[in-house]
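What's in data24.csv: CSV, C-alpha atoms
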chain,number,residue,atom,x,y,z
P,1,MET,CA,117.5,52.2,82.4
P,2,ARG,CA,121.2,52.4,83.3
P,3,CYS,CA,123.4,50.3,85.5
P,4,THR,CA,124.4,52.2,88.7
P,5,SER,CA,127.8,50.4,88.8
P,6,CYS,CA,129.1,50.7,85.2
P,7,GLY,CA,126.6,52.9,83.5
P,8,ALA,CA,125.7,50.4,80.7
P,9,GLU,CA,122.3,50.7,79.0
P,10,LEU,CA,119.9,48.0,80.2
P,11,PRO,CA,116.5,46.9,79.0
P,12,GLU,CA,113.6,47.7,81.4
P,13,GLY,CA,112.9,45.1,84.1
P,14,THR,CA,116.4,43.6,84.2
P,15,ALA,CA,117.6,42.3,87.6
P,16,PHE,CA,121.4,42.1,86.9
P,17,CYS,CA,123.6,44.1,84.6
P,18,THR,CA,124.7,42.2,81.4
P,19,SER,CA,128.1,44.0,81.4
P,20,CYS,CA,129.3,43.9,85.0
P,21,GLY,CA,126.8,41.5,86.7
P,22,ALA,CA,125.9,44.0,89.4
P,23,LYS,CA,122.5,43.9,90.9
P,24,VAL,CA,120.3,46.6,89.4
P,25,ILE,CA,118.1,48.7,91.7
P,26,ASN,CA,114.7,49.0,90.2
P,27,ALA,CA,114.2,52.6,91.5
P,28,THR,CA,113.5,54.9,88.6
P,29,VAL,CA,115.2,58.2,88.9
P,30,GLN,CA,112.9,61.0,88.0
P,31,THR,CA,114.6,64.0,86.5
P,32,GLN,CA,113.2,67.4,87.2
P,33,PRO,CA,111.6,68.8,84.0
P,34,SER,CA,113.3,71.9,82.6
P,35,TYR,CA,111.6,75.2,83.2
P,36,ASP,CA,109.4,76.5,80.5
P,37,SER,CA,108.5,80.2,80.7
P,38,SER,CA,105.3,79.7,78.8
P,39,GLN,CA,103.9,77.5,81.6
P,40,SER,CA,102.3,79.1,84.6
P,41,PHE,CA,103.3,78.1,88.1
P,42,GLN,CA,100.6,76.3,90.0
P,43,SER,CA,101.1,75.9,93.7
P,44,PRO,CA,100.1,72.7,95.3
P,45,VAL,CA,99.0,74.7,98.4
P,46,PRO,CA,95.5,76.2,98.2
P,47,THR,CA,95.5,79.9,98.1
P,48,ALA,CA,92.2,80.7,99.7
P,49,ALA,CA,91.5,80.1,103.4
P,50,PRO,CA,88.1,78.9,104.7
P,51,SER,CA,85.8,81.8,105.1
P,52,THR,CA,84.5,80.7,108.5
P,53,TYR,CA,85.9,78.5,111.1
P,54,SER,CA,82.6,76.7,111.7
P,55,SER,CA,82.9,75.0,108.3
P,56,TYR,CA,86.3,73.6,109.2
P,57,ASN,CA,86.5,69.8,109.5
P,58,PRO,CA,89.9,68.3,110.2
P,59,ASN,CA,88.9,64.8,108.9
P,60,GLN,CA,87.9,66.2,105.5
P,61,PRO,CA,90.6,67.4,103.0
P,62,TYR,CA,90.6,71.0,102.3
P,63,GLN,CA,88.6,72.1,99.3
P,64,SER,CA,89.3,75.5,97.9
P,65,GLN,CA,86.3,77.7,97.6
P,66,PRO,CA,85.9,80.3,94.8
P,67,PRO,CA,87.1,83.7,95.9
P,68,MET,CA,84.4,85.9,97.4
P,69,GLN,CA,83.2,88.7,95.0
P,70,GLN,CA,84.0,92.1,96.5
P,71,ASN,CA,81.9,94.9,95.4
P,72,PHE,CA,84.0,98.1,95.6
P,73,ALA,CA,82.5,101.4,94.7
P,74,PRO,CA,84.7,103.8,92.7
P,75,MET,CA,86.2,106.6,94.7
P,76,ASN,CA,84.5,109.4,92.8
P,77,MET,CA,80.8,108.4,92.8
P,78,ASN,CA,79.7,111.9,91.8
P,79,MET,CA,82.4,112.1,89.1
P,80,GLU,CA,84.1,115.0,90.8
P,81,ASP,CA,86.9,116.7,89.0
P,82,THR,CA,90.2,116.0,90.7
P,83,THR,CA,92.7,117.2,88.1
P,84,PRO,CA,95.8,118.8,89.7
P,85,ILE,CA,96.4,122.5,89.6
P,86,SER,CA,99.4,123.5,87.5
P,87,PRO,CA,102.0,126.0,88.9
P,88,TRP,CA,100.6,128.6,86.5
P,89,GLY,CA,97.1,127.9,87.8
P,90,TYR,CA,98.2,128.7,91.4
P,91,ILE,CA,99.7,131.9,90.1
P,92,GLY,CA,96.5,132.8,88.3
P,93,TYR,CA,94.4,132.0,91.4
P,94,ASN,CA,96.6,134.1,93.6
P,95,PHE,CA,96.1,137.1,91.3
P,96,LEU,CA,92.4,136.5,91.2
P,97,PHE,CA,92.1,136.2,94.9
P,98,ALA,CA,94.2,139.3,95.4
P,99,ILE,CA,91.5,141.5,93.8
P,100,PRO,CA,89.9,143.4,96.7
P,101,LEU,CA,86.2,142.6,96.5
P,102,VAL,CA,86.1,140.1,93.6
P,103,GLY,CA,88.8,138.0,95.2
P,104,ILE,CA,86.8,137.5,98.4
P,105,ILE,CA,83.6,136.6,96.5
P,106,MET,CA,85.5,134.2,94.3
P,107,LEU,CA,87.1,132.6,97.4
P,108,PHE,CA,83.6,131.7,98.6
P,109,VAL,CA,82.4,130.6,95.2
P,110,TYR,CA,85.4,128.3,94.7
P,111,GLY,CA,85.5,127.2,98.3
P,112,PHE,CA,81.9,126.3,98.7
P,113,GLY,CA,80.6,125.8,95.1
P,114,SER,CA,79.3,122.4,94.0
P,115,ASN,CA,80.8,122.2,90.5
P,116,THR,CA,84.4,123.1,91.4
P,117,ASN,CA,87.6,121.2,91.0
P,118,ARG,CA,88.4,119.5,94.3
P,119,ASN,CA,92.0,120.9,94.4
P,120,VAL,CA,90.8,124.5,93.6
P,121,LYS,CA,88.1,124.1,96.3
P,122,ASN,CA,90.7,123.0,98.9
P,123,TYR,CA,93.1,125.8,97.9
P,124,ALA,CA,90.3,128.4,98.2
P,125,ARG,CA,89.4,127.1,101.6
P,126,SER,CA,93.0,127.2,102.8
P,127,ILE,CA,93.3,130.8,101.8
P,128,LEU,CA,90.0,131.6,103.6
P,129,ILE,CA,91.4,129.9,106.7
P,130,VAL,CA,94.6,132.0,106.5
P,131,TYR,CA,92.5,135.2,106.1
P,132,ALA,CA,90.4,134.2,109.1
P,133,ILE,CA,93.6,133.7,111.2
P,134,ILE,CA,95.0,137.1,110.1
P,135,ILE,CA,91.7,138.8,111.0
P,136,VAL,CA,91.8,137.2,114.5
P,137,ILE,CA,95.4,138.3,115.0
P,138,TYR,CA,94.5,141.9,113.9
P,139,VAL,CA,91.5,142.0,116.3
P,140,ILE,CA,93.7,140.8,119.2
P,141,LEU,CA,96.4,143.4,118.3
P,142,PHE,CA,93.9,146.2,118.0
P,143,ALA,CA,92.3,145.2,121.3
P,144,ILE,CA,95.7,145.3,123.0
P,145,LEU,CA,96.7,148.6,121.4
P,146,GLY,CA,93.3,150.1,122.3
P,147,VAL,CA,93.6,149.1,125.9
P,148,SER,CA,97.2,150.4,126.1
P,149,PHE,CA,96.2,153.8,124.5
P,150,ALA,CA,93.2,154.1,126.8
P,151,SER,CA,95.3,153.4,129.8
P,152,ILE,CA,97.9,156.0,128.6
P,153,ALA,CA,95.2,158.6,128.0
P,154,ASN,CA,93.7,157.8,131.3
P,155,SER,CA,97.0,158.3,133.1
P,156,TYR,CA,97.5,161.7,131.5
P,157,ASN,CA,94.0,162.8,132.6
P,158,PHE,CA,94.8,161.8,136.2
P,159,ALA,CA,98.0,163.6,136.1
P,160,GLY,CA,96.2,166.8,135.0
P,161,ILE,CA,97.7,166.7,131.6
P,162,GLY,CA,95.0,166.9,129.0
P,163,LEU,CA,95.4,166.0,125.4
Starting from the coordinates I provided, produce the structure as structure tokens.
Amino acid sequence: MRCTSCGAELPEGTAFCTSCGAKVINATVQTQPSYDSSQSFQSPVPTAAPSTYSSYNPNQPYQSQPPMQQNFAPMNMNMEDTTPISPWGYIGYNFLFAIPLVGIIMLFVYGFGSNTNRNVKNYARSILIVYAIIIVIYVILFAILGVSFASIANSYNFAGIGL
């Protein structure tokens, strides 16, 4: 214990300083312990909140409960292959799908097969959707062209000009 006035070292429990005679305050000064990186930090505040409000009692101190066990199922329950397709893989699939009859068959095999990589399956389905959109556009264009040619041919017949 030290004297607050002169800083002299005093035995514990002394009421007056033996050097300067000042009254010694018996408050012990606590120094903050130095930080040790090997020790883990423990918060005085509980980390878990009560699971239900019905169990809350304001007259009783808070008791932390063990965390609830959460049972999460893995994302791929059926162990589906989700490896990404490399750029060379996309080039190879484009060449495969460009083959006239085999490509269409392979699009349906890869797009709706059960043992197919998920990324290849999605890529094949996207190409099938693009083909379907192209077919719809061609049908609309041929319908418009057919109606226009029919009206032109019909106007020539009414004018007495035959083809």
### Task
Determine, counting all atoms listed in the file, which protein, DNA and RNA residues have an atom within 8 Å of an atom of P:Ile85; residues of the same chain fewer than 2 positions away are not included. Present the result as a PyMOL selection string.
chain P and resi 83+87+89-90+119-120
### Query
Mind pulling up the distance from atom CA of P:Tyr138 to atom CA of P:Gly103?
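So the two atoms, atom CA of P:Gly103 and atom CA of P:Tyr138, lie 19.9 Å apart.
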### Message
For a test of reading the model, state the distance in Å between atom CA of P:Ala124 and atom CA of P:Ala143, rounded to one decimal.
### Response
28.6 Å
Counting only C-alpha atoms, which residues have an atom no more than 9 Å from (128.8, 50.1, 84.5) in the file's coordinates? Please list them as a PDB file with C-alpha atoms, keeping the file's coordinate frame.
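Output saved as point-v5.pdb:
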ATOM      1  CA  ARG P   2     121.200  52.400  83.300  1.00  0.00           C
ATOM      2  CA  CYS P   3     123.400  50.300  85.500  1.00  0.00           C
ATOM      3  CA  THR P   4     124.400  52.200  88.700  1.00  0.00           C
ATOM      4  CA  SER P   5     127.800  50.400  88.800  1.00  0.00           C
ATOM      5  CA  CYS P   6     129.100  50.700  85.200  1.00  0.00           C
ATOM      6  CA  GLY P   7     126.600  52.900  83.500  1.00  0.00           C
ATOM      7  CA  ALA P   8     125.700  50.400  80.700  1.00  0.00           C
ATOM      8  CA  GLU P   9     122.300  50.700  79.000  1.00  0.00           C
ATOM      9  CA  CYS P  17     123.600  44.100  84.600  1.00  0.00           C
ATOM     10  CA  SER P  19     128.100  44.000  81.400  1.00  0.00           C
ATOM     11  CA  CYS P  20     129.300  43.900  85.000  1.00  0.00           C
ATOM     12  CA  ALA P  22     125.900  44.000  89.400  1.00  0.00           C
TER      13      ALA P  22
END
### Task
Calculate how many Å separate atom CA of P:Ser126 from atom CA of P:Gly113, rounding to one decimal.
14.7 Å
#### Entry: Long-range neighbours of stretch 12-15 of chain P as a ChimeraX atom specification, 7 Å cut-off, only C-alpha atoms, 5 positions minimum in chain
/P:1,23-24
So that I can see what lies close to P:Tyr123, please list as a CSV table (one decimal) with C-alpha atoms, keeping the file's coordinate frame the residues with an atom at most 12 Å from it, counting only C-alpha atoms and leaving out residues fewer than 4 positions away in the same chain.
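Output file selection.csv follows:
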chain,number,residue,atom,x,y,z
P,84,PRO,CA,95.8,118.8,89.7
P,85,ILE,CA,96.4,122.5,89.6
P,89,GLY,CA,97.1,127.9,87.8
P,90,TYR,CA,98.2,128.7,91.4
P,91,ILE,CA,99.7,131.9,90.1
P,93,TYR,CA,94.4,132.0,91.4
P,94,ASN,CA,96.6,134.1,93.6
P,97,PHE,CA,92.1,136.2,94.9
P,106,MET,CA,85.5,134.2,94.3
P,107,LEU,CA,87.1,132.6,97.4
P,108,PHE,CA,83.6,131.7,98.6
P,110,TYR,CA,85.4,128.3,94.7
P,111,GLY,CA,85.5,127.2,98.3
P,112,PHE,CA,81.9,126.3,98.7
P,116,THR,CA,84.4,123.1,91.4
P,117,ASN,CA,87.6,121.2,91.0
P,118,ARG,CA,88.4,119.5,94.3
P,119,ASN,CA,92.0,120.9,94.4
P,127,ILE,CA,93.3,130.8,101.8
P,128,LEU,CA,90.0,131.6,103.6
P,129,ILE,CA,91.4,129.9,106.7
P,130,VAL,CA,94.6,132.0,106.5
### Given all atoms listed in the file as the counted atoms, nearest of P:Met79, P:Leu10, P:Leu96, P:Ile140 to P:Asn115
P:Met79
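Considering the residues P:Val136, P:Gly21, P:Asp81, P:Trp88 and counting all atoms listed in the file, P:Ser114 has its shortest atom-to-atom contact with P:Asp81.
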